[in-house]
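Everything on this sheet refers to the single structure shown next.
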Amino acid sequence: MLCLPRVAPSAASLHCAALLSMLLATTSVLAQTVASTPIPLAEITVAGAAPPVSGPPAGSVTVPSVAQQRAVVTATIGSVAFVDAAGFQNRYANTLRDVLRDTPGVFVQERYGQELRLSVRGSGIARGFHLRGIELLQDGIPLNLADGSGDFYQIDPLALRSIEVYKGGNALTFGATTLGGAINFVTPTAHTTFAPNILRIDGGSFNTIRESFQFSRISGPADVLISGTLTNSDGYRTHETQRTQNFNANLGYRLAPGVETRFYLGAYDTDQKLPGTLTLLDALNTPQRANPTAIGGNQSRQVETQRIANRTSFLLDVGKLDIDTWAIHKSLYHPIFQVIDQDGWTYGIAPRWAGTVDLGGYRNDMILGLRAFAGQNAARQFVNVAGQRGSQTLEALQSASNYEAYGENRFWFLPDMALMTGAKLFSSNRTYSNKGGFAANPTVQFGTVTYEGISPKLGLLWQPLPDIQVFGDITRSRDVPDFSDLAQTNLLRTTFVPLEAQRAWTYEAGTRGRIDRLAWDVTAYRSELREELINFSINPGLNIPAATFNAPRTLHQGIEAAVSLEVVRDLTGIGDTVSLTQIWTHNDFRFVRDPVFGNNRIAGIPDDVLRTVLGYVHPSGFYLSPSVDWVPRGAFADHANTLRVPGYALVNVQTGIDFKNGVSLFVDARNLTDARYVSDISVVTNAARVAGGPAALTAFYPGNGRSVFAGVRAAF
């Protein structure tokens, strides 16, 4: 059997807490805004996307310009990435894979509809559903629930202005210290949008059609932006129908010079049918089939989410202060092996201050912040009767709270070299109350566990030229279990399992920059983990949520690389370019002398993921971009390493034209050879021990076949 989880970690040292409090107090008097001295490092832009769209040059106090956003990201001492939405506004971007596939180190793979696997540096590596180990934010304000869990349904790619990826401990800028880091999805305001009015319609394969709009106005001290996207698709597979409605709005008001408040509103409605997993033979030969259990149980995921948030910003004599508050209501109706019926709220407050000061002639950048957020979730379960509630099997309450203090300091002891220090102090509680009274869960059960600790950070940055950086850092991460880990279902009974927090030391070194036609972003990292939260599916064919255990020692290491070269300029003599970009993510994730799995690979993610893009851009607005997505060897399906899925290569072509009047046309053709492949896996412990053997294991999500999408966009 598997390693049993041990007790929760001990409380953090009060002495360390006192030292951190003194550090924050003594340094808080020394600041100006970090953005006041931006580092002008350029990002790697993958060739073949639409030519950059020029937006307004300046933002506002609450949301700076895109150029300022990029400067803040690239000032980070560590591995980060910045994605300007100008690169995907004029192409078919339906999921997070479509907007993050060119970011090295980010593994994102579709399962069905908008459900996908998102992992950075092996975060939540074996998680067969939703998200763990990465903090998702929108406009710097958390989207995750209070227990740390999250999904992707409320993120609308067409409602974004930029994406900021902070890998691992580099996400301390937001107070996040998980293994995977944080991804911040920045929506446009009336000051940063591409145009005051944007209308768009696109569609194509699988009876897909999507309509989107965006309107914005500025009137004196006030500005407003409203956007919405409606998506309808039958999906590639049987029983994969998707219906989504996403609406976002923000209203900003300048209260006084240097003082601005901005309200964010969002409403997100998703109805997604689930096709389930297949055997490997079926996934490769009849991929459009659905699992009979998914059809018989009418398995689906219906989510209604409402979000309200506020950021009020103050430009002070010394630095800038942002105060964020938010509340999220989420209702989930999820018939799978049983009907999961949940309803809950998450709410929080997070003041954050950033600034720069001259210390004896030396530049010193600082970030200081606090976060307090909590939530409750009423969790009920029922027998699944063809997608409807049968008799009730569970009545439980899940409560989570988190209190955090963090700080980061960058001291430029030479004009081109900076020393970074930082730390986060946290206390997180998870309380579970099972009220019992049902045949499947007859007894009352109560469980509570508190996780506390301090996560330090140390790094060095050398910037010999304005467009070249070399960095190295050491960070400590802590991943606190969420309720999908703690409240485990086995043989249809739910049990609270007080797992330990996952902790790791990560060492990374890298460089990014640009010299004439060559741009690069390369990082090597090594994470040494203790008590990693490892998942496995009890019965992936029934869609029962995975069980979780603590692996005593594991190792995650790899390479995140992107290199882009302008191969030819002025090909026809009129300013056009041909560029070649190579993205490579190397993953080496394994157990270390594990009592059950030895030094095996951790299943779920392939060793190497490569993407090659050849791009042609003409000054008239025409562009053409063939690409190849290549996985030389597929991932293991089990931690015992007895079954590996085959590798694959996908050939794609994207083309379009942007007219000067603001109208854009595009065509996006994918998997032109109609390759059959496995896109993701519900990991098990040992495929050889499954009843019926590996051939009977229903754990595989087939990738989408050949597809073509086209659209038109008008910006005016």
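Labels used: A, B, ... for chains in the order of the structure tokens, numbers from 1 for residues in each chain, and numbers from 1 for ligands as shown.
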So that I can check the surroundings of Phe206 (chain A), please list as a PyMOL selection string every protein, DNA and RNA residue that reaches within 9 Å of it, counting only C-alpha atoms and ignoring chain neighbours fewer than 3 positions away. chain A and resi 203+233-237+707
Using only C-alpha atoms, which residues sit within 10 Å of Ala58 (chain A) once same-chain residues fewer than 4 positions away are excluded, as a list of chain:residue names?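 Residues meeting the cut-off are A:Val63, A:Pro64, A:Ser65, A:Val66, A:Ala67, A:Gln68, A:His191, A:Thr192.
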Tell me, as a list in words, which residues lie within 6 Å of Leu230 (chain A), counting only C-alpha atoms; anything in the same chain fewer than 3 positions away does not count.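 Everything that qualifies: Arg210, Glu211, Thr244 and Gln245 of chain A.
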Pick out the residues sitting within 10 Å of Asn671 (chain A), and hand them over as a CSV table (one decimal) with C-alpha atoms, in the first residue's frame; count only C-alpha atoms, and ignore anything fewer than 4 positions along from it in its own chain.
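What landed in around09.csv:
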```csv
chain,number,residue,atom,x,y,z
A,627,SER,CA,4.2,25.4,-36.2
A,628,VAL,CA,4.9,21.9,-34.8
A,629,ASP,CA,4.1,20.7,-31.3
A,649,ALA,CA,3.8,15.5,-33.3
A,650,LEU,CA,1.1,18.0,-34.3
A,651,VAL,CA,1.3,20.2,-37.4
A,652,ASN,CA,-0.5,23.5,-37.3
A,653,VAL,CA,-0.9,26.6,-39.5
A,675,ALA,CA,-2.7,12.6,-35.4
A,676,ARG,CA,-4.1,10.3,-32.7
A,703,GLY,CA,-6.4,14.9,-27.9
A,704,ASN,CA,-8.4,16.8,-30.4
A,705,GLY,CA,-8.3,15.7,-34.0
A,706,ARG,CA,-8.0,17.9,-37.1
A,707,SER,CA,-9.8,21.2,-36.7
A,708,VAL,CA,-10.1,24.6,-38.4
```
Check your understanding: Can you tell me, as JSON, numbers by chain, what residues are no more than 12 Å from Ile474 (chain A) when counting only C-alpha atoms, ignoring any on the same chain fewer than 5 positions away?
Key -> {"A": [77, 78, 79, 168, 169, 170, 419, 420, 421, 422, 423, 455, 456, 457, 458, 459, 460, 504, 505, 506, 507, 508, 509, 525, 526, 527, 528]}
Taking N, CA, C and O atoms for each residue, export the selection above as a short mmCIF file (atom, residue, chain, number, x, y, z; two decimals), in the first residue's frame.
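The result, written out as again-v1.cif:
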```cif
data_model
loop_
_atom_site.label_atom_id
_atom_site.label_comp_id
_atom_site.auth_asym_id
_atom_site.auth_seq_id
_atom_site.Cartn_x
_atom_site.Cartn_y
_atom_site.Cartn_z
N ILE A 77 13.99 39.15 -10.05
CA ILE A 77 15.22 38.36 -10.02
C ILE A 77 14.81 36.89 -9.97
O ILE A 77 14.62 36.30 -8.90
N GLY A 78 14.61 36.29 -11.13
CA GLY A 78 14.16 34.92 -11.24
C GLY A 78 13.42 34.71 -12.54
O GLY A 78 13.27 35.61 -13.37
N SER A 79 12.94 33.48 -12.72
CA SER A 79 12.30 33.09 -13.97
C SER A 79 10.86 33.60 -14.02
O SER A 79 10.03 33.24 -13.19
N GLY A 168 7.44 29.55 -9.59
CA GLY A 168 7.97 29.18 -8.29
C GLY A 168 7.96 30.33 -7.30
O GLY A 168 7.03 31.13 -7.22
N GLY A 169 9.05 30.42 -6.53
CA GLY A 169 9.16 31.44 -5.48
C GLY A 169 9.24 32.85 -6.00
O GLY A 169 9.17 33.80 -5.21
N ASN A 170 9.37 33.02 -7.31
CA ASN A 170 9.38 34.37 -7.87
C ASN A 170 8.02 35.06 -7.73
O ASN A 170 7.92 36.27 -7.94
N LEU A 419 21.25 42.41 -5.12
CA LEU A 419 21.05 41.32 -4.19
C LEU A 419 19.60 41.33 -3.74
O LEU A 419 19.09 42.37 -3.31
N MET A 420 18.95 40.19 -3.85
CA MET A 420 17.54 40.09 -3.46
C MET A 420 17.42 39.24 -2.20
O MET A 420 18.01 38.16 -2.09
N THR A 421 16.64 39.73 -1.25
CA THR A 421 16.27 38.96 -0.07
C THR A 421 14.76 39.08 0.13
O THR A 421 14.16 40.09 -0.26
N GLY A 422 14.17 38.07 0.70
CA GLY A 422 12.73 38.13 0.93
C GLY A 422 12.27 37.00 1.82
O GLY A 422 13.01 36.05 2.09
N ALA A 423 11.05 37.10 2.31
CA ALA A 423 10.48 36.06 3.16
C ALA A 423 8.97 36.23 3.21
O ALA A 423 8.43 37.32 3.02
N SER A 455 8.88 31.16 4.68
CA SER A 455 9.52 30.78 3.42
C SER A 455 10.47 31.90 3.00
O SER A 455 10.02 32.96 2.53
N PRO A 456 11.78 31.69 3.15
CA PRO A 456 12.76 32.73 2.75
C PRO A 456 13.13 32.65 1.28
O PRO A 456 12.80 31.69 0.58
N LYS A 457 13.86 33.66 0.83
CA LYS A 457 14.25 33.77 -0.57
C LYS A 457 15.53 34.59 -0.65
O LYS A 457 15.70 35.58 0.05
N LEU A 458 16.44 34.15 -1.52
CA LEU A 458 17.72 34.83 -1.70
C LEU A 458 18.12 34.74 -3.16
O LEU A 458 18.03 33.65 -3.76
N GLY A 459 18.56 35.86 -3.77
CA GLY A 459 18.92 35.82 -5.18
C GLY A 459 19.88 36.92 -5.57
O GLY A 459 20.13 37.87 -4.82
N LEU A 460 20.42 36.77 -6.79
CA LEU A 460 21.38 37.72 -7.32
C LEU A 460 21.09 37.97 -8.79
O LEU A 460 20.82 37.03 -9.55
N ALA A 504 9.55 22.65 -0.17
CA ALA A 504 10.64 22.43 -1.12
C ALA A 504 11.62 23.58 -1.08
O ALA A 504 11.27 24.73 -0.79
N TRP A 505 12.87 23.25 -1.39
CA TRP A 505 13.90 24.24 -1.70
C TRP A 505 14.12 24.18 -3.21
O TRP A 505 14.35 23.11 -3.76
N THR A 506 14.05 25.33 -3.87
CA THR A 506 14.26 25.41 -5.31
C THR A 506 15.47 26.28 -5.62
O THR A 506 15.58 27.40 -5.11
N TYR A 507 16.36 25.75 -6.46
CA TYR A 507 17.55 26.48 -6.90
C TYR A 507 17.41 26.70 -8.41
O TYR A 507 17.13 25.76 -9.15
N GLU A 508 17.58 27.94 -8.84
CA GLU A 508 17.46 28.21 -10.28
C GLU A 508 18.53 29.20 -10.72
O GLU A 508 19.00 30.05 -9.95
N ALA A 509 18.90 29.07 -11.99
CA ALA A 509 19.84 30.00 -12.62
C ALA A 509 19.42 30.16 -14.06
O ALA A 509 18.99 29.19 -14.71
N TYR A 525 16.51 24.70 -13.30
CA TYR A 525 16.09 24.71 -11.91
C TYR A 525 16.15 23.30 -11.32
O TYR A 525 16.15 22.29 -12.03
N ARG A 526 16.19 23.24 -10.01
CA ARG A 526 16.17 21.99 -9.26
C ARG A 526 15.40 22.22 -7.97
O ARG A 526 15.76 23.12 -7.19
N SER A 527 14.34 21.44 -7.75
CA SER A 527 13.53 21.54 -6.54
C SER A 527 13.64 20.24 -5.76
O SER A 527 13.33 19.17 -6.29
N GLU A 528 14.07 20.36 -4.51
CA GLU A 528 14.17 19.21 -3.63
C GLU A 528 13.00 19.27 -2.65
O GLU A 528 12.92 20.16 -1.82
#
```
* Asked: Taking the backbone alone, and naming residues the way the document does, which bits of region 161-305 of chain A are strand (DSSP E or B) by DSSP, as a ChimeraX atom specification?
  -> /A:162-167,181-186,197-204,208-219,222-233,242-256,259-273,278-279,300-305
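For Phe716 (chain A), the non-local neighbours within 12 Å, defined as residues at least 5 positions apart in the same chain or in other chains and counting only C-alpha atoms, are Thr193, Phe194, Ala195, Pro196, Asn197, Ile198, Leu199, Arg200, Phe213, Gln214, Phe215, Ser216, Phe659, Lys660, Asn661, Gly662, Val663 and Ser664 of chain A.
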Expected file: the selected residues, C-alpha atoms, as a PDB file, in the first residue's frame:
```pdb
ATOM      1  CA  THR A 193      -7.597  48.701 -24.131  1.00  0.00           C
ATOM      2  CA  PHE A 194      -6.744  48.243 -27.815  1.00  0.00           C
ATOM      3  CA  ALA A 195      -9.738  50.318 -28.934  1.00  0.00           C
ATOM      4  CA  PRO A 196     -12.882  51.867 -27.390  1.00  0.00           C
ATOM      5  CA  ASN A 197     -15.098  49.347 -29.207  1.00  0.00           C
ATOM      6  CA  ILE A 198     -14.286  45.758 -30.181  1.00  0.00           C
ATOM      7  CA  LEU A 199     -16.656  43.275 -31.818  1.00  0.00           C
ATOM      8  CA  ARG A 200     -15.672  39.737 -32.734  1.00  0.00           C
ATOM      9  CA  PHE A 213     -17.822  42.357 -27.403  1.00  0.00           C
ATOM     10  CA  GLN A 214     -15.951  45.036 -25.495  1.00  0.00           C
ATOM     11  CA  PHE A 215     -16.915  48.684 -24.934  1.00  0.00           C
ATOM     12  CA  SER A 216     -15.048  51.332 -22.941  1.00  0.00           C
ATOM     13  CA  PHE A 659      -6.330  45.903 -42.073  1.00  0.00           C
ATOM     14  CA  LYS A 660      -5.513  49.485 -41.222  1.00  0.00           C
ATOM     15  CA  ASN A 661      -9.181  50.269 -40.553  1.00  0.00           C
ATOM     16  CA  GLY A 662      -9.152  47.977 -37.484  1.00  0.00           C
ATOM     17  CA  VAL A 663     -10.697  44.915 -39.112  1.00  0.00           C
ATOM     18  CA  SER A 664      -8.826  41.618 -38.749  1.00  0.00           C
TER      19      SER A 664
END
```
- Task: To one decimal in Å, tell me the separation between CA of Gly181 (chain A) and CA of Ser119 (chain A).
- Result: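 Computed distance, CA of Gly181 (chain A) to CA of Ser119 (chain A), equals 9.8 Å.
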